[in-house]
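Structure file run32.cif; described as mmCIF, C-alpha atoms.
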```
data_start
#
loop_
_atom_site.label_atom_id
_atom_site.label_comp_id
_atom_site.auth_asym_id
_atom_site.auth_seq_id
_atom_site.Cartn_x
_atom_site.Cartn_y
_atom_site.Cartn_z
CA MET A 261 -23.09 7.67 -39.81
CA HIS A 262 -21.06 4.93 -41.46
CA ALA A 263 -19.09 2.51 -39.30
CA VAL A 264 -15.49 2.37 -40.41
CA ALA A 265 -13.92 -0.05 -37.92
CA ALA A 266 -14.86 -2.76 -35.50
CA ARG A 267 -13.52 -3.84 -32.16
CA SER A 268 -10.53 -6.18 -32.24
CA GLU A 269 -9.90 -8.17 -29.05
CA LEU A 270 -6.29 -9.34 -28.91
CA SER A 271 -4.76 -11.35 -26.10
CA ALA A 272 -1.27 -11.15 -27.59
CA PRO A 273 -1.07 -8.80 -30.58
CA SER A 274 1.41 -9.83 -33.24
CA ALA A 275 4.35 -7.62 -34.11
CA PRO A 276 3.65 -5.05 -36.82
CA SER A 277 5.41 -5.43 -40.15
CA LYS A 278 8.24 -3.07 -41.09
CA ARG A 279 5.83 -1.27 -43.40
CA THR A 280 3.35 -0.79 -40.53
CA ARG A 281 6.08 0.46 -38.24
CA ALA A 282 7.22 2.91 -40.87
CA ARG A 283 3.67 4.24 -41.16
CA LEU A 284 3.52 4.64 -37.39
CA ALA A 285 6.79 6.54 -37.48
CA VAL A 286 5.43 8.89 -40.14
CA GLY A 287 2.40 9.40 -37.92
CA LEU A 288 4.69 10.56 -35.16
CA LEU A 289 5.23 13.74 -37.15
CA ALA A 290 1.95 14.90 -35.68
CA SER A 291 3.31 14.48 -32.16
CA ARG A 292 5.25 17.73 -32.54
CA GLU A 293 8.30 17.47 -30.35
CA LYS A 294 9.77 20.51 -28.64
CA THR A 295 11.03 22.07 -31.84
CA PHE A 296 7.68 21.60 -33.49
CA ALA A 297 5.67 22.86 -30.51
CA CYS A 298 7.11 26.33 -30.90
CA GLN A 299 6.52 26.57 -34.63
CA GLU A 300 3.49 26.97 -36.85
CA PRO A 301 1.55 23.73 -37.45
CA GLY A 302 2.79 21.83 -40.47
CA LEU A 303 6.56 22.27 -39.96
CA ILE A 304 8.48 19.02 -39.52
CA SER A 305 11.45 18.00 -37.38
CA TRP A 306 13.29 15.66 -39.78
CA ARG A 307 15.78 14.67 -37.10
CA TRP A 308 12.92 13.31 -34.99
CA LEU A 309 11.45 11.53 -38.01
CA LEU A 310 14.71 9.66 -38.69
CA LEU A 311 15.05 8.73 -35.00
CA SER A 312 11.44 7.49 -34.89
CA LEU A 313 11.93 5.34 -38.00
CA THR A 314 15.07 3.81 -36.53
CA LEU A 315 13.45 3.01 -33.18
CA LEU A 316 10.28 1.54 -34.66
CA LEU A 317 12.18 -0.68 -37.10
CA VAL A 318 14.70 -1.94 -34.55
CA VAL A 319 13.03 -2.04 -31.11
CA PRO A 320 10.90 -5.16 -30.51
CA TYR A 321 7.16 -4.60 -30.20
CA LYS A 322 5.49 -5.91 -27.06
CA ALA A 323 1.90 -4.91 -26.35
CA SER A 324 0.21 -5.06 -22.95
CA GLY A 325 -3.27 -3.99 -24.01
CA ALA A 326 -5.85 -4.94 -26.62
CA ASN A 327 -6.89 -2.91 -29.64
CA PHE A 328 -10.29 -1.42 -28.86
CA ALA A 329 -10.83 0.51 -32.10
CA THR A 330 -8.80 1.03 -35.28
CA GLY A 331 -8.91 2.94 -38.56
CA PHE A 332 -7.59 6.29 -37.33
CA THR A 333 -4.63 8.12 -38.85
CA SER A 334 -3.53 10.44 -36.04
CA ALA A 335 -5.70 9.90 -32.95
CA PHE A 336 -4.91 12.03 -29.92
CA GLY A 337 -7.43 13.38 -27.39
CA LEU A 338 -9.95 11.01 -25.80
CA ALA A 339 -13.11 11.61 -23.74
CA PHE A 340 -16.10 9.54 -22.60
CA ASP A 341 -19.71 10.69 -22.51
CA THR A 342 -22.11 9.57 -19.77
CA SER A 343 -23.45 6.76 -21.97
CA GLY A 344 -20.03 5.13 -22.26
CA ASN A 345 -19.24 6.23 -25.81
CA LEU A 346 -15.64 7.21 -26.47
CA TYR A 347 -14.75 10.27 -28.58
CA VAL A 348 -11.46 10.58 -30.44
CA ALA A 349 -9.80 13.71 -31.85
CA ASN A 350 -8.30 13.05 -35.31
CA TYR A 351 -5.43 15.50 -35.68
CA SER A 352 -4.22 14.74 -39.22
CA GLY A 353 -4.24 12.21 -42.06
CA THR A 354 -7.23 10.93 -44.01
CA SER A 355 -9.57 11.47 -41.05
CA ALA A 356 -8.07 14.87 -40.19
CA ASN A 357 -10.12 17.63 -38.58
CA THR A 358 -12.85 15.32 -37.33
CA VAL A 359 -13.97 13.82 -34.05
CA SER A 360 -14.90 10.14 -34.09
CA LYS A 361 -17.45 8.44 -31.84
CA VAL A 362 -16.73 4.90 -30.70
CA THR A 363 -19.49 2.83 -29.10
CA SER A 364 -18.81 0.51 -26.17
CA GLY A 365 -18.68 -2.31 -28.72
CA GLY A 366 -15.90 -0.61 -30.68
CA THR A 367 -17.92 0.65 -33.69
CA VAL A 368 -16.43 3.88 -35.07
CA SER A 369 -18.30 6.68 -36.83
CA THR A 370 -17.74 10.39 -37.52
CA PHE A 371 -19.43 12.50 -34.86
CA ALA A 372 -18.45 16.00 -36.02
CA SER A 373 -16.13 17.63 -38.55
CA GLY A 374 -14.77 20.98 -39.69
CA PHE A 375 -12.15 21.41 -36.99
CA SER A 376 -8.58 22.67 -37.37
CA SER A 377 -6.02 20.14 -36.13
CA PRO A 378 -8.22 18.96 -33.22
CA ILE A 379 -6.24 17.49 -30.37
CA GLY A 380 -7.77 17.84 -26.87
CA LEU A 381 -11.29 16.83 -25.80
CA ALA A 382 -13.45 17.26 -22.70
CA PHE A 383 -17.14 16.97 -21.78
CA ASP A 384 -19.09 19.31 -19.51
CA THR A 385 -21.82 18.08 -17.16
CA SER A 386 -24.51 18.89 -19.74
CA GLY A 387 -23.05 16.52 -22.31
CA ASN A 388 -21.48 19.16 -24.55
CA LEU A 389 -18.13 18.23 -26.05
CA TYR A 390 -15.29 20.77 -26.20
CA VAL A 391 -12.58 20.43 -28.82
CA VAL A 392 -9.17 22.14 -29.01
CA ASN A 393 -8.41 23.47 -32.49
CA GLN A 394 -4.66 23.78 -32.37
CA GLY A 395 -4.47 25.05 -35.93
CA ALA A 396 -6.91 27.89 -35.30
CA HIS A 397 -5.95 28.57 -31.64
CA THR A 398 -9.58 28.14 -30.57
CA VAL A 399 -11.88 25.85 -28.62
CA SER A 400 -15.08 24.57 -30.24
CA LYS A 401 -18.26 23.50 -28.44
CA VAL A 402 -20.22 20.58 -29.87
CA THR A 403 -23.75 19.89 -28.64
CA PRO A 404 -24.95 16.28 -28.15
CA SER A 405 -26.68 16.54 -31.54
CA GLY A 406 -23.38 17.49 -33.24
CA THR A 407 -23.84 21.24 -33.73
CA VAL A 408 -20.44 22.97 -33.70
CA SER A 409 -19.72 26.55 -32.58
CA THR A 410 -16.67 28.53 -31.40
CA TYR A 411 -16.52 28.67 -27.61
CA ALA A 412 -13.21 30.53 -27.04
CA SER A 413 -10.47 32.07 -29.19
CA GLY A 414 -7.15 33.88 -28.88
CA LEU A 415 -5.29 30.93 -27.37
CA SER A 416 -1.68 30.05 -28.20
CA ALA A 417 -1.18 26.61 -29.81
CA PRO A 418 -3.65 25.09 -27.35
CA ASP A 419 -3.37 21.41 -26.62
CA ASP A 420 -5.55 19.85 -23.92
CA LEU A 421 -8.67 20.59 -21.87
CA ALA A 422 -9.90 19.86 -18.35
CA PHE A 423 -12.95 20.96 -16.36
CA ASP A 424 -12.85 21.74 -12.64
CA ALA A 425 -15.72 20.91 -10.27
CA SER A 426 -17.24 24.37 -10.78
CA GLY A 427 -17.49 24.02 -14.54
CA ASN A 428 -14.55 26.25 -15.44
CA LEU A 429 -12.55 25.04 -18.44
CA TYR A 430 -8.74 24.97 -18.45
CA VAL A 431 -6.61 24.94 -21.60
CA SER A 432 -2.89 24.16 -21.91
CA ASN A 433 -1.08 26.51 -24.34
CA GLN A 434 2.13 25.17 -25.85
CA GLY A 435 2.72 28.41 -27.71
CA ASN A 436 3.36 30.49 -24.58
CA ASN A 437 3.76 27.80 -21.89
CA THR A 438 0.67 28.79 -19.94
CA VAL A 439 -2.65 27.36 -18.80
CA SER A 440 -5.71 29.46 -19.54
CA LYS A 441 -8.91 29.46 -17.49
CA ILE A 442 -12.25 29.96 -19.22
CA THR A 443 -15.14 30.72 -16.89
CA THR A 444 -18.67 29.45 -17.45
CA SER A 445 -19.49 32.86 -18.94
CA GLY A 446 -16.65 32.50 -21.49
CA THR A 447 -14.11 34.89 -19.95
CA VAL A 448 -10.54 33.84 -20.75
CA SER A 449 -7.60 34.58 -18.42
CA THR A 450 -4.15 33.17 -17.63
CA PHE A 451 -4.42 30.76 -14.69
CA ALA A 452 -0.77 29.67 -14.42
CA SER A 453 2.48 30.01 -16.36
CA GLY A 454 6.07 28.80 -16.50
CA PHE A 455 5.47 25.38 -18.03
CA SER A 456 7.58 23.63 -20.66
CA ALA A 457 5.50 22.79 -23.75
CA PRO A 458 2.44 21.86 -21.63
CA TRP A 459 0.31 19.06 -22.99
CA GLY A 460 -2.15 16.85 -21.06
CA MET A 461 -4.04 17.94 -17.96
CA ALA A 462 -6.13 16.28 -15.24
CA PHE A 463 -7.72 17.25 -11.92
CA ASP A 464 -7.63 15.26 -8.70
CA THR A 465 -10.55 15.18 -6.25
CA SER A 466 -8.98 17.97 -4.18
CA GLY A 467 -9.08 20.39 -7.10
CA ASN A 468 -5.36 20.31 -7.89
CA LEU A 469 -4.52 20.46 -11.59
CA TYR A 470 -1.75 18.30 -13.05
CA VAL A 471 0.01 19.39 -16.24
CA ALA A 472 2.32 17.27 -18.42
CA ASN A 473 5.41 19.18 -19.57
CA SER A 474 6.43 17.51 -22.81
CA GLY A 475 9.42 19.84 -23.08
CA ASN A 476 11.27 18.70 -19.94
CA GLY A 477 9.71 15.34 -19.04
CA THR A 478 7.98 16.43 -15.86
CA VAL A 479 4.45 16.77 -14.47
CA SER A 480 3.54 19.96 -12.65
CA LYS A 481 0.99 20.28 -9.85
CA VAL A 482 -1.04 23.47 -9.73
CA THR A 483 -3.03 24.29 -6.60
CA THR A 484 -6.45 25.94 -6.71
CA SER A 485 -4.74 29.28 -6.12
CA GLY A 486 -2.43 28.80 -9.11
CA THR A 487 0.79 27.86 -7.33
CA VAL A 488 2.93 25.66 -9.56
CA SER A 489 5.38 22.98 -8.38
CA THR A 490 7.01 19.88 -9.85
CA PHE A 491 5.02 16.79 -8.84
CA ALA A 492 7.00 14.07 -10.64
CA SER A 493 9.79 13.80 -13.21
CA GLY A 494 11.66 11.36 -15.42
CA PHE A 495 9.02 10.92 -18.12
CA SER A 496 9.66 10.62 -21.86
CA SER A 497 7.75 13.23 -23.88
CA PRO A 498 4.70 13.04 -21.59
CA ARG A 499 1.36 13.58 -23.32
CA GLY A 500 -2.05 12.73 -21.89
CA LEU A 501 -2.88 12.49 -18.19
CA GLY A 502 -5.60 10.64 -16.29
CA VAL A 503 -6.58 10.11 -12.65
CA ASP A 504 -8.20 6.90 -11.37
CA THR A 505 -10.74 6.59 -8.56
CA SER A 506 -7.95 5.89 -6.05
CA GLY A 507 -6.22 9.17 -6.86
CA ASN A 508 -3.33 7.70 -8.84
CA LEU A 509 -2.10 9.75 -11.80
CA TYR A 510 -1.37 8.12 -15.17
CA VAL A 511 1.04 9.60 -17.72
CA ALA A 512 1.33 8.71 -21.43
CA ASN A 513 5.01 8.61 -22.45
CA ALA A 514 5.06 9.15 -26.20
CA GLY A 515 8.84 8.84 -26.28
CA GLY A 516 8.98 5.53 -24.44
CA GLY A 517 5.82 3.78 -25.59
CA THR A 518 4.66 3.36 -22.01
CA VAL A 519 2.10 4.59 -19.51
CA SER A 520 3.40 5.51 -16.07
CA LYS A 521 1.48 5.34 -12.80
CA VAL A 522 2.19 7.96 -10.14
CA THR A 523 0.82 7.52 -6.63
CA SER A 524 -0.54 10.47 -4.66
CA GLY A 525 2.81 10.54 -2.88
CA GLY A 526 4.71 10.93 -6.15
CA THR A 527 6.08 7.37 -6.56
CA VAL A 528 6.46 6.56 -10.28
CA SER A 529 6.18 3.08 -11.81
CA THR A 530 5.46 1.62 -15.25
CA PHE A 531 1.79 0.68 -15.62
CA ALA A 532 1.78 -0.48 -19.26
CA SER A 533 4.35 -0.87 -22.02
CA GLY A 534 4.64 -1.82 -25.67
CA ILE A 535 2.39 0.97 -26.93
CA GLY A 536 3.69 2.63 -30.10
CA SER A 537 3.15 6.33 -29.37
CA PRO A 538 0.68 6.83 -26.51
CA GLY A 539 -1.12 10.17 -26.62
CA GLY A 540 -4.48 10.71 -24.95
CA LEU A 541 -5.75 8.86 -21.87
CA ALA A 542 -9.28 8.27 -20.61
CA PHE A 543 -10.89 6.01 -18.00
CA ASP A 544 -14.30 4.42 -18.44
CA THR A 545 -16.71 3.91 -15.53
CA ALA A 546 -15.38 0.37 -14.96
CA GLY A 547 -11.90 1.76 -14.37
CA ASP A 548 -10.39 0.47 -17.61
CA LEU A 549 -7.84 2.77 -19.23
CA TYR A 550 -7.96 3.76 -22.92
CA VAL A 551 -4.89 5.06 -24.74
CA SER A 552 -4.79 6.70 -28.17
CA ASP A 553 -1.97 5.34 -30.32
CA LEU A 554 -2.12 7.20 -33.65
CA SER A 555 -3.89 4.59 -35.82
CA LYS A 556 -5.76 2.92 -32.98
CA VAL A 557 -7.11 3.14 -29.45
CA VAL A 558 -5.77 0.57 -26.99
CA LYS A 559 -7.81 -0.66 -24.03
CA ILE A 560 -5.91 -1.67 -20.91
CA SER A 561 -8.21 -3.66 -18.67
CA THR A 562 -8.02 -2.99 -14.95
CA ALA A 563 -10.57 -5.68 -14.12
CA ALA A 564 -9.97 -7.63 -10.93
CA THR A 565 -7.43 -10.41 -11.46
CA GLN A 566 -6.11 -11.25 -8.02
CA LEU A 567 -6.72 -11.39 -4.30
CA VAL A 568 -4.04 -10.00 -2.01
CA LEU A 569 -3.93 -10.69 1.72
CA THR A 570 -3.32 -7.29 3.30
CA THR A 571 -3.82 -8.40 6.91
CA SER A 572 -2.85 -11.96 7.86
CA ALA A 573 -4.86 -14.02 10.32
CA ALA A 574 -3.21 -14.39 13.72
CA SER A 575 -3.83 -15.92 17.16
CA ALA A 576 -5.13 -19.27 15.92
CA ALA A 577 -6.51 -21.11 18.92
CA SER A 578 -8.16 -24.30 17.69
CA GLY A 579 -11.91 -23.94 17.29
CA ALA A 580 -11.96 -20.22 18.08
CA ALA A 581 -12.13 -17.16 15.87
CA PHE A 582 -8.76 -15.71 14.92
CA GLY A 583 -7.61 -12.99 17.24
CA THR A 584 -6.65 -10.98 14.17
CA GLN A 585 -9.14 -11.45 11.35
CA PRO A 586 -7.82 -11.69 7.77
CA VAL A 587 -8.36 -8.83 5.31
CA VAL A 588 -8.20 -9.43 1.55
CA ALA A 589 -7.99 -6.80 -1.21
CA VAL A 590 -9.45 -7.31 -4.69
CA ARG A 591 -6.88 -5.95 -7.15
CA ASP A 592 -6.19 -5.61 -10.85
CA VAL A 593 -3.14 -6.79 -12.73
CA ALA A 594 -1.24 -3.61 -11.84
CA GLY A 595 -1.90 -4.04 -8.13
CA ASN A 596 -4.59 -1.37 -7.84
CA THR A 597 -7.39 -2.11 -5.38
CA ARG A 598 -10.73 -2.19 -7.22
CA THR A 599 -12.42 0.44 -5.07
CA SER A 600 -15.61 0.18 -7.15
CA ASP A 601 -16.01 -3.50 -6.20
CA ASN A 602 -18.72 -4.12 -3.61
CA SER A 603 -19.79 -7.59 -4.64
CA THR A 604 -16.86 -10.02 -4.81
CA VAL A 605 -17.32 -12.79 -2.23
CA VAL A 606 -14.08 -14.21 -0.84
CA THR A 607 -14.15 -17.70 0.71
CA MET A 608 -11.54 -19.04 3.10
CA THR A 609 -10.67 -22.76 3.10
CA VAL A 610 -8.06 -24.71 5.03
CA SER A 611 -5.82 -27.61 4.01
CA SER A 612 -6.45 -31.25 4.91
CA GLY A 613 -6.54 -32.15 8.58
CA ALA A 614 -8.37 -29.05 9.77
CA THR A 615 -11.79 -27.48 9.31
CA VAL A 616 -13.01 -23.91 9.10
CA ALA A 617 -14.73 -22.58 12.18
CA GLY A 618 -17.13 -19.65 12.08
CA THR A 619 -18.07 -17.62 8.98
CA ALA A 620 -15.91 -18.63 6.02
CA THR A 621 -16.93 -15.84 3.63
CA ALA A 622 -16.58 -12.06 3.39
CA THR A 623 -17.96 -9.67 0.77
CA ALA A 624 -15.81 -6.87 -0.63
CA SER A 625 -16.60 -3.29 0.28
CA SER A 626 -14.74 -0.71 -1.81
CA GLY A 627 -12.54 -3.55 -3.00
CA VAL A 628 -11.65 -4.91 0.46
CA ALA A 629 -13.11 -8.08 2.04
CA THR A 630 -12.78 -8.11 5.83
CA PHE A 631 -13.56 -11.34 7.71
CA SER A 632 -15.30 -11.00 11.05
CA SER A 633 -15.51 -14.33 12.87
CA VAL A 634 -13.53 -17.01 11.07
CA GLY A 635 -11.09 -19.48 12.57
CA ILE A 636 -9.97 -23.10 12.18
CA SER A 637 -10.16 -26.30 14.21
CA GLY A 638 -7.08 -28.46 13.97
CA THR A 639 -4.29 -30.21 15.82
CA ALA A 640 -2.29 -27.98 18.11
CA GLY A 641 1.22 -27.35 16.84
CA THR A 642 0.34 -28.30 13.26
CA THR A 643 0.78 -25.83 10.41
CA TYR A 644 -2.01 -25.55 7.84
CA THR A 645 -2.49 -23.53 4.66
CA LEU A 646 -5.29 -21.00 4.50
CA THR A 647 -6.56 -20.22 1.00
CA PHE A 648 -8.63 -17.15 0.12
CA ALA A 649 -10.39 -17.54 -3.23
CA SER A 650 -13.12 -16.11 -5.43
CA GLY A 651 -13.97 -17.57 -8.81
CA SER A 652 -11.21 -17.17 -11.39
CA LEU A 653 -9.22 -14.59 -9.39
CA THR A 654 -5.71 -15.59 -8.36
CA ALA A 655 -6.04 -16.81 -4.79
CA ALA A 656 -4.12 -15.61 -1.74
CA THR A 657 -2.62 -18.06 0.76
CA GLN A 658 -1.19 -18.01 4.26
CA GLN A 659 0.50 -20.54 6.56
CA MET A 660 -1.06 -20.85 10.00
CA THR A 661 0.06 -22.88 13.03
CA VAL A 662 -2.68 -23.86 15.45
CA SER A 663 -2.17 -23.16 19.12
CA PRO A 664 -3.97 -25.20 21.79
CA GLY A 665 -7.61 -24.31 22.36
CA ALA A 666 -8.78 -23.07 25.75
CA ALA A 667 -9.25 -25.94 28.20
CA SER A 668 -12.90 -26.55 29.04
CA LYS A 669 -12.25 -29.03 31.87
CA LEU A 670 -9.44 -30.74 33.76
CA ALA A 671 -8.63 -34.32 32.80
CA PHE A 672 -6.63 -36.75 34.95
CA GLY A 673 -4.86 -39.88 33.84
CA GLN A 674 -6.05 -41.54 37.06
CA GLN A 675 -8.18 -40.61 40.02
CA PRO A 676 -6.29 -39.22 42.99
CA SER A 677 -6.10 -41.59 45.90
CA ALA A 678 -8.22 -40.92 48.96
CA THR A 679 -6.51 -39.46 51.93
#
```
File written out as structure tokens:
Amino acid sequence: MHAVAARSELSAPSAPSKRTRARLAVGLLASREKTFACQEPGLISWRWLLLSLTLLLVVPYKASGANFATGFTSAFGLAFDTSGNLYVANYSGTSANTVSKVTSGGTVSTFASGFSSPIGLAFDTSGNLYVVNQGAHTVSKVTPSGTVSTYASGLSAPDDLAFDASGNLYVSNQGNNTVSKITTSGTVSTFASGFSAPWGMAFDTSGNLYVANSGNGTVSKVTTSGTVSTFASGFSSPRGLGVDTSGNLYVANAGGGTVSKVTSGGTVSTFASGIGSPGGLAFDTAGDLYVSDLSKVVKISTAATQLVLTTSAASAASGAAFGTQPVVAVRDVAGNTRTSDNSTVVTMTVSSGATVAGTATATASSGVATFSSVGISGTAGTTYTLTFASGSLTAATQQMTVSPGAASKLAFGQQPSAT
């Protein structure tokens, strides 16, 4: 397999030229807005094309991630195998009807071909890759060695795939606004209906299925029994979905060039911006998020960048352990606690004039470092600064005023006179 692109690490990507932006706009034709979703593949919404060209040529470009791999023409679905290789569905263009394999180092090669407008990808627990053929209304199965066969047919403009914990495969159908369920034996049935141009899907750890409705800018939540409700709204042509290890949902907004983060309680915020036309989403085992963006795949690092004091030290008697021990979270740039972190050592120091008493370090467990017996010795009534640090991570600080230590004996200015 011939490598066609290499990894490009960018700390601050430069703005694309007008010609590049125009090419990106043309690529948006493959995104198939509402009018396109209900038509046969290949028809074009010229109104959307003109709007896309105008936006891309006028709106400033500001990237928040780094290019992980390039050389695609219309990349959409993403999926990781257990070895950390990323697979990319190439919907159209010069690499149309193929699935690319990208190594952890960013080297791209063709993994399998012969598909029909491939768009959604998903792996089963045996390492087989499943590919949505939107043009043929089928799902293909690709073995680890690259052998391709038809796994299911009779779908309606299918878009994305997701496996539940039991190995059943779910398929979003834009053609009839449903989600199909395919059992492990290959039986196809309608699992839920009533969506609006459903696109990306993702499961949470409780077995609830989330579905992006590109037609009305919402995300639906579907229980294990098939009950559908609106989980969150206000998105802009939502595409791919992903769930992190903390249970937060991520939504690719193709219309806004952003990725939204939705907490388990439904609170929506912007996680990343400046992405041309985000489509598919996928997390690697380190918790970094990958986003397909037509000609490239962008990597958004969620590596630990900061320490946040979640419980402040309190009851600071000089020389004694704090009555309330400090707790520090290890978080990424977006404020997510790195729950996979069980090794970061946080050290507490104190400003000049005082010394640390007790154990000055704590090791993170599930991204949280809890001190057990630390305190400070200093002058009563004086305020000191506590600093919690670990390597290059942004430190956390706290002001602390020392209260008098417990008296160990009585002291007299002069001896009492005898009586």
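The residues returned by the PyMOL selection byres ((chain A and resi 636) around 10) on the shown structure are Ala576, Ala577, Ser578, Gly579, Ala580, Ala581, Phe582, Thr609, Val610, Ala614, Thr615, Val616, Ala617, Gly618, Ala620, Val634, Gly635, Ser637, Gly638, Thr639, Tyr644, Leu646, Met660 and Val662 of chain A.
CA of Leu509 (chain A) lies 23.8 Å from CA of Ser343 (chain A).
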Padding of 4 Å on every side, edges along x, y and z, all listed atoms of region 596-600 of chain A included: what centre and edge lengths in Å, to one decimal, does that box have, as AutoDock Vina command-line options?
```
--center_x -10.1 --center_y -0.9 --center_z -6.5 --size_x 19.0 --size_y 10.6 --size_z 10.8
```
Please list as a short mmCIF file (atom, residue, chain, number, x, y, z; two decimals) with C-alpha atoms, keeping the file's coordinate frame every residue within 12 Å of Leu389 (chain A), counting all atoms listed in the file and excluding residues in the same chain fewer than 6 positions away.
```
data_model
loop_
_atom_site.label_atom_id
_atom_site.label_comp_id
_atom_site.auth_asym_id
_atom_site.auth_seq_id
_atom_site.Cartn_x
_atom_site.Cartn_y
_atom_site.Cartn_z
CA GLY A 337 -7.43 13.38 -27.39
CA LEU A 338 -9.95 11.01 -25.80
CA ALA A 339 -13.11 11.61 -23.74
CA PHE A 340 -16.10 9.54 -22.60
CA ASP A 341 -19.71 10.69 -22.51
CA THR A 342 -22.11 9.57 -19.77
CA LEU A 346 -15.64 7.21 -26.47
CA TYR A 347 -14.75 10.27 -28.58
CA VAL A 348 -11.46 10.58 -30.44
CA ALA A 349 -9.80 13.71 -31.85
CA VAL A 359 -13.97 13.82 -34.05
CA SER A 360 -14.90 10.14 -34.09
CA LYS A 361 -17.45 8.44 -31.84
CA PHE A 371 -19.43 12.50 -34.86
CA ALA A 372 -18.45 16.00 -36.02
CA GLY A 380 -7.77 17.84 -26.87
CA LEU A 381 -11.29 16.83 -25.80
CA ALA A 382 -13.45 17.26 -22.70
CA PHE A 383 -17.14 16.97 -21.78
CA VAL A 399 -11.88 25.85 -28.62
CA SER A 400 -15.08 24.57 -30.24
CA LYS A 401 -18.26 23.50 -28.44
CA VAL A 402 -20.22 20.58 -29.87
CA THR A 403 -23.75 19.89 -28.64
CA PRO A 404 -24.95 16.28 -28.15
CA SER A 405 -26.68 16.54 -31.54
CA GLY A 406 -23.38 17.49 -33.24
CA THR A 407 -23.84 21.24 -33.73
CA VAL A 408 -20.44 22.97 -33.70
CA SER A 409 -19.72 26.55 -32.58
CA THR A 410 -16.67 28.53 -31.40
CA TYR A 411 -16.52 28.67 -27.61
CA LEU A 421 -8.67 20.59 -21.87
CA ALA A 422 -9.90 19.86 -18.35
CA PHE A 423 -12.95 20.96 -16.36
CA LEU A 429 -12.55 25.04 -18.44
#
```
Original post:
For the atom pair CA of Ala594 (chain A) and CA of Thr363 (chain A), what is the interatomic distance in Å to one decimal place?
Top reply: 25.9 Å
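Nearest to Ser506 (chain A) of all the residues A:Val590, A:Thr599, A:Ala396, A:Gln434 is A:Thr599, based on only C-alpha atoms.
Non-sequential neighbours of Val439 (chain A) (distance at most 6 Å, separation of 4 or more positions within a chain, only C-alpha atoms) are Val431, Ser432, Asn433, Phe451 and Ala452 of chain A.
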Residues from the last selection, C-alpha atoms, saved as a compact mmCIF listing (two decimals), keeping the file's coordinate frame:
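part.txt, freshly written:
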```
# COMPACT_ATOMS: atom_id res chain seq x y z
CA VAL A 431 -6.61 24.94 -21.60
CA SER A 432 -2.89 24.16 -21.91
CA ASN A 433 -1.08 26.51 -24.34
CA PHE A 451 -4.42 30.76 -14.69
CA ALA A 452 -0.77 29.67 -14.42
```
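Residue nearest Phe328 (chain A) within the list A:Ala624, A:Val558, A:Leu567, A:Ile535: A:Val558 [criterion: smallest interatomic distance, only C-alpha atoms].
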Region 359-367 of chain A dumped to file, N, CA, C and O atoms, as a PDB file, in the first residue's frame:
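Writing done, so here's selection-v1.pdb:
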```
ATOM      1  N   VAL A 359     -11.763   3.309   1.497  1.00  0.00           N
ATOM      2  CA  VAL A 359     -11.530   3.554   2.919  1.00  0.00           C
ATOM      3  C   VAL A 359     -10.026   3.617   3.120  1.00  0.00           C
ATOM      4  O   VAL A 359      -9.293   2.709   2.714  1.00  0.00           O
ATOM      5  N   SER A 360      -9.556   4.706   3.707  1.00  0.00           N
ATOM      6  CA  SER A 360      -8.134   4.887   3.967  1.00  0.00           C
ATOM      7  C   SER A 360      -7.786   4.419   5.376  1.00  0.00           C
ATOM      8  O   SER A 360      -8.607   4.484   6.292  1.00  0.00           O
ATOM      9  N   LYS A 361      -6.552   3.976   5.537  1.00  0.00           N
ATOM     10  CA  LYS A 361      -6.011   3.604   6.846  1.00  0.00           C
ATOM     11  C   LYS A 361      -4.902   4.593   7.181  1.00  0.00           C
ATOM     12  O   LYS A 361      -4.024   4.856   6.373  1.00  0.00           O
ATOM     13  N   VAL A 362      -4.971   5.153   8.383  1.00  0.00           N
ATOM     14  CA  VAL A 362      -3.983   6.125   8.818  1.00  0.00           C
ATOM     15  C   VAL A 362      -3.306   5.587  10.075  1.00  0.00           C
ATOM     16  O   VAL A 362      -3.971   5.315  11.073  1.00  0.00           O
ATOM     17  N   THR A 363      -1.999   5.410  10.025  1.00  0.00           N
ATOM     18  CA  THR A 363      -1.269   4.922  11.191  1.00  0.00           C
ATOM     19  C   THR A 363      -1.216   6.000  12.267  1.00  0.00           C
ATOM     20  O   THR A 363      -1.563   7.156  12.027  1.00  0.00           O
ATOM     21  N   SER A 364      -0.763   5.615  13.466  1.00  0.00           N
ATOM     22  CA  SER A 364      -0.664   6.583  14.556  1.00  0.00           C
ATOM     23  C   SER A 364       0.321   7.701  14.232  1.00  0.00           C
ATOM     24  O   SER A 364       0.247   8.790  14.811  1.00  0.00           O
ATOM     25  N   GLY A 365       1.227   7.458  13.289  1.00  0.00           N
ATOM     26  CA  GLY A 365       2.164   8.479  12.871  1.00  0.00           C
ATOM     27  C   GLY A 365       1.644   9.366  11.771  1.00  0.00           C
ATOM     28  O   GLY A 365       2.322  10.299  11.350  1.00  0.00           O
ATOM     29  N   GLY A 366       0.439   9.089  11.259  1.00  0.00           N
ATOM     30  CA  GLY A 366      -0.180   9.933  10.244  1.00  0.00           C
ATOM     31  C   GLY A 366       0.032   9.479   8.818  1.00  0.00           C
ATOM     32  O   GLY A 366      -0.350  10.174   7.880  1.00  0.00           O
ATOM     33  N   THR A 367       0.623   8.274   8.593  1.00  0.00           N
ATOM     34  CA  THR A 367       0.829   7.775   7.233  1.00  0.00           C
ATOM     35  C   THR A 367      -0.479   7.199   6.687  1.00  0.00           C
ATOM     36  O   THR A 367      -1.116   6.363   7.330  1.00  0.00           O
TER      37      THR A 367
END
```
